[in-house]
Amino acid sequence: MKARVQVMLKAGVLDPQGEAVRHALRQLGFDGIEGVRQGKVVELDLAETDKAKAEAAVTEMCEKLLANTVIESYSIEVS
Amino acid sequence: MHAAVIVFPGSNCDRDLRVAFEDAGARVSMVWHKDTDLPADVDVVGIPGGFSFGDYLRCGAIAANSPICQAVVAHAGRGGYVLGICNGFQVLTETGLLPGVLLRNAGLKYVCKPARLTVETTDSVFTRGYEAGAEVTFPIAHHDGNYFADEATLDRLDAEDRVAFRYCDNPNGAARDIAGILSENRRVLGMMPHPERMADPIHGNTEGRVLFDTLVSALQPA
């Protein structure tokens, strides 16, 4: 199975990189951008064939390593 | 007094930290990240600055999950002393031994310059050699030194007198100007500035030497 993990800074945590991207877009003439948040995507190839087990395993990976839940939230898609 | 300095791939202040400990009179063992145990009689663990594992994923995240860090967490759990500097501070927040996290600098730039700090508490084996409120200058060199924690955690750090150092001129956006914090039992210190780079006359001043001298003498068997 494949898993796709999206990690984003939580709302309320300042994202200076997102802000820099927003400023750069505005300089390029893109108006009306009210906010930019930058995150990361981690793609995993899993030997597991059971979707529920795969989701449980990837959730544990997120809690232990892939996200720092002090500042980041994550979402998981398994397919 | 026996100090262990942890070495990760990408550590680059490990030898400076070794020299600072040795100059203060400690015996030092360098310990590789794949080792699973610390030397049995170790008193303090030093986690050095650098870019462990290339800062991949998040600064300190991979190092915090390395085999030796489980031994470091166990050492701290037994009441052992730990000093994490720069990347070492990032590793300590990732292990959960210290609260909060170091975010990208608010100005997005890598900042490398001397930073003026105030010693906020003298109630620790790391800082008791300084006068309360003393101003010291240690170099900073980091891209991710912007200390962040939720308001409740920040309030708690203040109420428990656990902020060890604050910046006089905040260089990175750190919450409440925090440059270094102590654990609840005051035996784990994480700080972004580098006292080991201000510990020898050749560095220009020796204000950082005080931290190592005090630490080593406090942990010396009576």
# chains A, B, ... in the order shown; residues from 1 in each chain; ligands from 1

call {"tool": "interface_residues", "arguments": {"of": "chain B", "to": "chain A", "cutoff": "10 Å", "atoms": "only C-alpha atoms", "output": "list in words"}}
result
Leu57, Arg58, Ala61, Ile62, Ala64, Asn65, Thr93, Glu94, Thr95, Gly96, Pro99, Gly100, Val101, Leu102, Leu103, Arg104, Asn105, Ala106, Gly107, Leu108, Phe148, Ala149 and Asp150 of chain B

call {"tool": "write_last_selection", "arguments": {"atoms": "C-alpha atoms", "output": "PDB file, in the first residue's frame"}}
result
ATOM      1  CA  LEU B  57      12.864  16.258   8.588  1.00  0.00           C
ATOM      2  CA  ARG B  58      13.223  18.733  11.492  1.00  0.00           C
ATOM      3  CA  ALA B  61      14.384  14.929  15.065  1.00  0.00           C
ATOM      4  CA  ILE B  62      16.419  12.044  13.677  1.00  0.00           C
ATOM      5  CA  ALA B  64      16.478  12.361  19.066  1.00  0.00           C
ATOM      6  CA  ASN B  65      15.429   8.905  17.869  1.00  0.00           C
ATOM      7  CA  THR B  93      13.189  19.408  22.754  1.00  0.00           C
ATOM      8  CA  GLU B  94      12.660  16.619  20.217  1.00  0.00           C
ATOM      9  CA  THR B  95      13.293  13.962  22.887  1.00  0.00           C
ATOM     10  CA  GLY B  96      10.776  15.689  25.155  1.00  0.00           C
ATOM     11  CA  PRO B  99       9.394  21.551  26.526  1.00  0.00           C
ATOM     12  CA  GLY B 100       8.723  23.569  23.379  1.00  0.00           C
ATOM     13  CA  VAL B 101      10.506  23.574  20.053  1.00  0.00           C
ATOM     14  CA  LEU B 102      12.978  25.682  18.056  1.00  0.00           C
ATOM     15  CA  LEU B 103      11.346  27.131  14.961  1.00  0.00           C
ATOM     16  CA  ARG B 104      12.954  28.738  11.916  1.00  0.00           C
ATOM     17  CA  ASN B 105      14.337  32.196  12.798  1.00  0.00           C
ATOM     18  CA  ALA B 106      11.647  34.830  12.384  1.00  0.00           C
ATOM     19  CA  GLY B 107      13.883  36.745   9.941  1.00  0.00           C
ATOM     20  CA  LEU B 108      14.435  33.523   7.939  1.00  0.00           C
ATOM     21  CA  PHE B 148       8.286  28.445  20.708  1.00  0.00           C
ATOM     22  CA  ALA B 149       5.966  26.982  23.332  1.00  0.00           C
ATOM     23  CA  ASP B 150       2.326  27.606  24.150  1.00  0.00           C
TER      24      ASP B 150
END

call {"tool": "residues_around", "arguments": {"residues": "Leu83 in chain B", "least_positions_apart": "6", "cutoff": "10 Å", "atoms": "only C-alpha atoms", "output": "ChimeraX atom specification"}}
result
/B:5,44-48,89,92,126,182,187-191,215

call {"tool": "select_by_dssp", "arguments": {"residues": "range 64-220 of chain B", "states": "strand (DSSP E or B)", "output": "ChimeraX atom specification"}}
result
/B:81-85,101-103,111-119,135-142,146-148,163-167,178-182,188-191

call {"tool": "residues_around", "arguments": {"residues": "range 20-33 of chain B", "least_positions_apart": "6", "cutoff": "9 Å", "atoms": "only C-alpha atoms", "output": "PyMOL selection string"}}
result
chain B and resi 1-9+14+39+42+63+66-69+195-197+199-200+208-210+212-217+220

call {"tool": "residues_around", "arguments": {"residues": "Met1 in chain A", "least_positions_apart": "3", "cutoff": "9 Å", "atoms": "only C-alpha atoms", "output": "ChimeraX atom specification"}}
result
/A:44-51,54,78-79

call {"tool": "write_last_selection", "arguments": {"atoms": "N, CA and C atoms", "output": "PDB file, in the first residue's frame"}}
result
ATOM      1  N   LEU A  44       5.068   7.112   1.606  1.00  0.00           N
ATOM      2  CA  LEU A  44       5.620   5.858   2.112  1.00  0.00           C
ATOM      3  C   LEU A  44       5.113   4.699   1.266  1.00  0.00           C
ATOM      4  N   ASP A  45       5.994   3.773   0.926  1.00  0.00           N
ATOM      5  CA  ASP A  45       5.590   2.505   0.308  1.00  0.00           C
ATOM      6  C   ASP A  45       5.582   1.452   1.396  1.00  0.00           C
ATOM      7  N   LEU A  46       4.446   0.826   1.615  1.00  0.00           N
ATOM      8  CA  LEU A  46       4.299  -0.092   2.739  1.00  0.00           C
ATOM      9  C   LEU A  46       4.066  -1.524   2.244  1.00  0.00           C
ATOM     10  N   ALA A  47       4.655  -2.496   2.952  1.00  0.00           N
ATOM     11  CA  ALA A  47       4.415  -3.907   2.636  1.00  0.00           C
ATOM     12  C   ALA A  47       3.038  -4.342   3.122  1.00  0.00           C
ATOM     13  N   GLU A  48       2.520  -3.648   4.095  1.00  0.00           N
ATOM     14  CA  GLU A  48       1.217  -3.989   4.694  1.00  0.00           C
ATOM     15  C   GLU A  48       0.105  -3.947   3.626  1.00  0.00           C
ATOM     16  N   THR A  49      -0.824  -4.905   3.701  1.00  0.00           N
ATOM     17  CA  THR A  49      -1.921  -4.930   2.733  1.00  0.00           C
ATOM     18  C   THR A  49      -3.271  -4.609   3.386  1.00  0.00           C
ATOM     19  N   ASP A  50      -3.302  -4.569   4.709  1.00  0.00           N
ATOM     20  CA  ASP A  50      -4.545  -4.273   5.426  1.00  0.00           C
ATOM     21  C   ASP A  50      -4.601  -2.763   5.702  1.00  0.00           C
ATOM     22  N   LYS A  51      -5.643  -2.107   5.199  1.00  0.00           N
ATOM     23  CA  LYS A  51      -5.690  -0.652   5.259  1.00  0.00           C
ATOM     24  C   LYS A  51      -5.719  -0.136   6.696  1.00  0.00           C
ATOM     25  N   ALA A  54      -2.352  -0.486   8.238  1.00  0.00           N
ATOM     26  CA  ALA A  54      -1.428   0.492   7.653  1.00  0.00           C
ATOM     27  C   ALA A  54      -1.667   1.869   8.260  1.00  0.00           C
ATOM     28  N   VAL A  78      -4.198   6.646   3.029  1.00  0.00           N
ATOM     29  CA  VAL A  78      -3.653   5.331   2.671  1.00  0.00           C
ATOM     30  C   VAL A  78      -4.428   4.807   1.478  1.00  0.00           C
ATOM     31  N   SER A  79      -3.718   4.313   0.471  1.00  0.00           N
ATOM     32  CA  SER A  79      -4.423   3.780  -0.704  1.00  0.00           C
ATOM     33  C   SER A  79      -3.638   2.616  -1.294  1.00  0.00           C
TER      34      SER A  79
END

call {"tool": "residues_around", "arguments": {"residues": "range 109-120 of chain B", "least_positions_apart": "5", "cutoff": "7 Å", "atoms": "only C-alpha atoms", "output": "number ranges by chain"}}
result
B: 132-143, 163-168

call {"tool": "write_last_selection", "arguments": {"atoms": "N, CA and C atoms", "output": "compact mmCIF listing (two decimals), in the first residue's frame"}}
result
# COMPACT_ATOMS: atom_id res chain seq x y z
N ALA B 132 23.45 36.91 39.68
CA ALA B 132 22.07 36.99 39.19
C ALA B 132 21.92 38.25 38.33
N GLY B 133 21.36 38.09 37.16
CA GLY B 133 21.14 39.24 36.27
C GLY B 133 22.38 39.65 35.49
N ALA B 134 23.47 38.89 35.63
CA ALA B 134 24.71 39.24 34.92
C ALA B 134 24.48 39.23 33.41
N GLU B 135 25.22 40.07 32.72
CA GLU B 135 25.16 40.07 31.27
C GLU B 135 26.41 39.35 30.74
N VAL B 136 26.19 38.41 29.83
CA VAL B 136 27.31 37.70 29.21
C VAL B 136 27.12 37.74 27.70
N THR B 137 28.20 37.52 26.98
CA THR B 137 28.13 37.49 25.51
C THR B 137 28.66 36.15 25.03
N PHE B 138 27.77 35.38 24.40
CA PHE B 138 28.17 34.11 23.79
C PHE B 138 27.83 34.19 22.30
N PRO B 139 28.59 33.49 21.46
CA PRO B 139 28.25 33.48 20.03
C PRO B 139 26.96 32.68 19.79
N ILE B 140 26.19 33.11 18.82
CA ILE B 140 25.09 32.29 18.31
C ILE B 140 25.38 31.99 16.84
N ALA B 141 24.92 30.87 16.38
CA ALA B 141 25.12 30.47 14.98
C ALA B 141 24.04 29.46 14.65
N HIS B 142 22.90 29.94 14.22
CA HIS B 142 21.80 29.01 13.96
C HIS B 142 20.77 29.60 12.98
N HIS B 143 20.03 28.67 12.39
CA HIS B 143 18.95 29.04 11.46
C HIS B 143 17.59 28.80 12.12
N VAL B 163 13.87 29.71 33.11
CA VAL B 163 14.56 30.35 31.99
C VAL B 163 15.98 30.65 32.47
N ALA B 164 16.97 30.02 31.85
CA ALA B 164 18.36 30.18 32.29
C ALA B 164 18.99 31.42 31.68
N PHE B 165 18.72 31.66 30.39
CA PHE B 165 19.30 32.82 29.69
C PHE B 165 18.23 33.46 28.81
N ARG B 166 18.28 34.80 28.74
CA ARG B 166 17.44 35.53 27.79
C ARG B 166 18.31 36.43 26.92
N TYR B 167 17.89 36.64 25.68
CA TYR B 167 18.59 37.56 24.79
C TYR B 167 18.31 39.00 25.21
N CYS B 168 19.34 39.85 25.15
CA CYS B 168 19.12 41.29 25.37
C CYS B 168 18.50 41.90 24.11

call {"tool": "select_by_dssp", "arguments": {"residues": "range 15-135 of chain B", "states": "alpha helix (DSSP H)", "output": "MDAnalysis selection string"}}
result
chainID B and resid 15:23 61:64 67:77 87:95

call {"tool": "closest_residue", "arguments": {"among": "B:Cys86, B:Leu154, B:Leu211, B:Met192", "to": "Phe51 in chain B", "atoms": "only C-alpha atoms"}}
result
B:Cys86
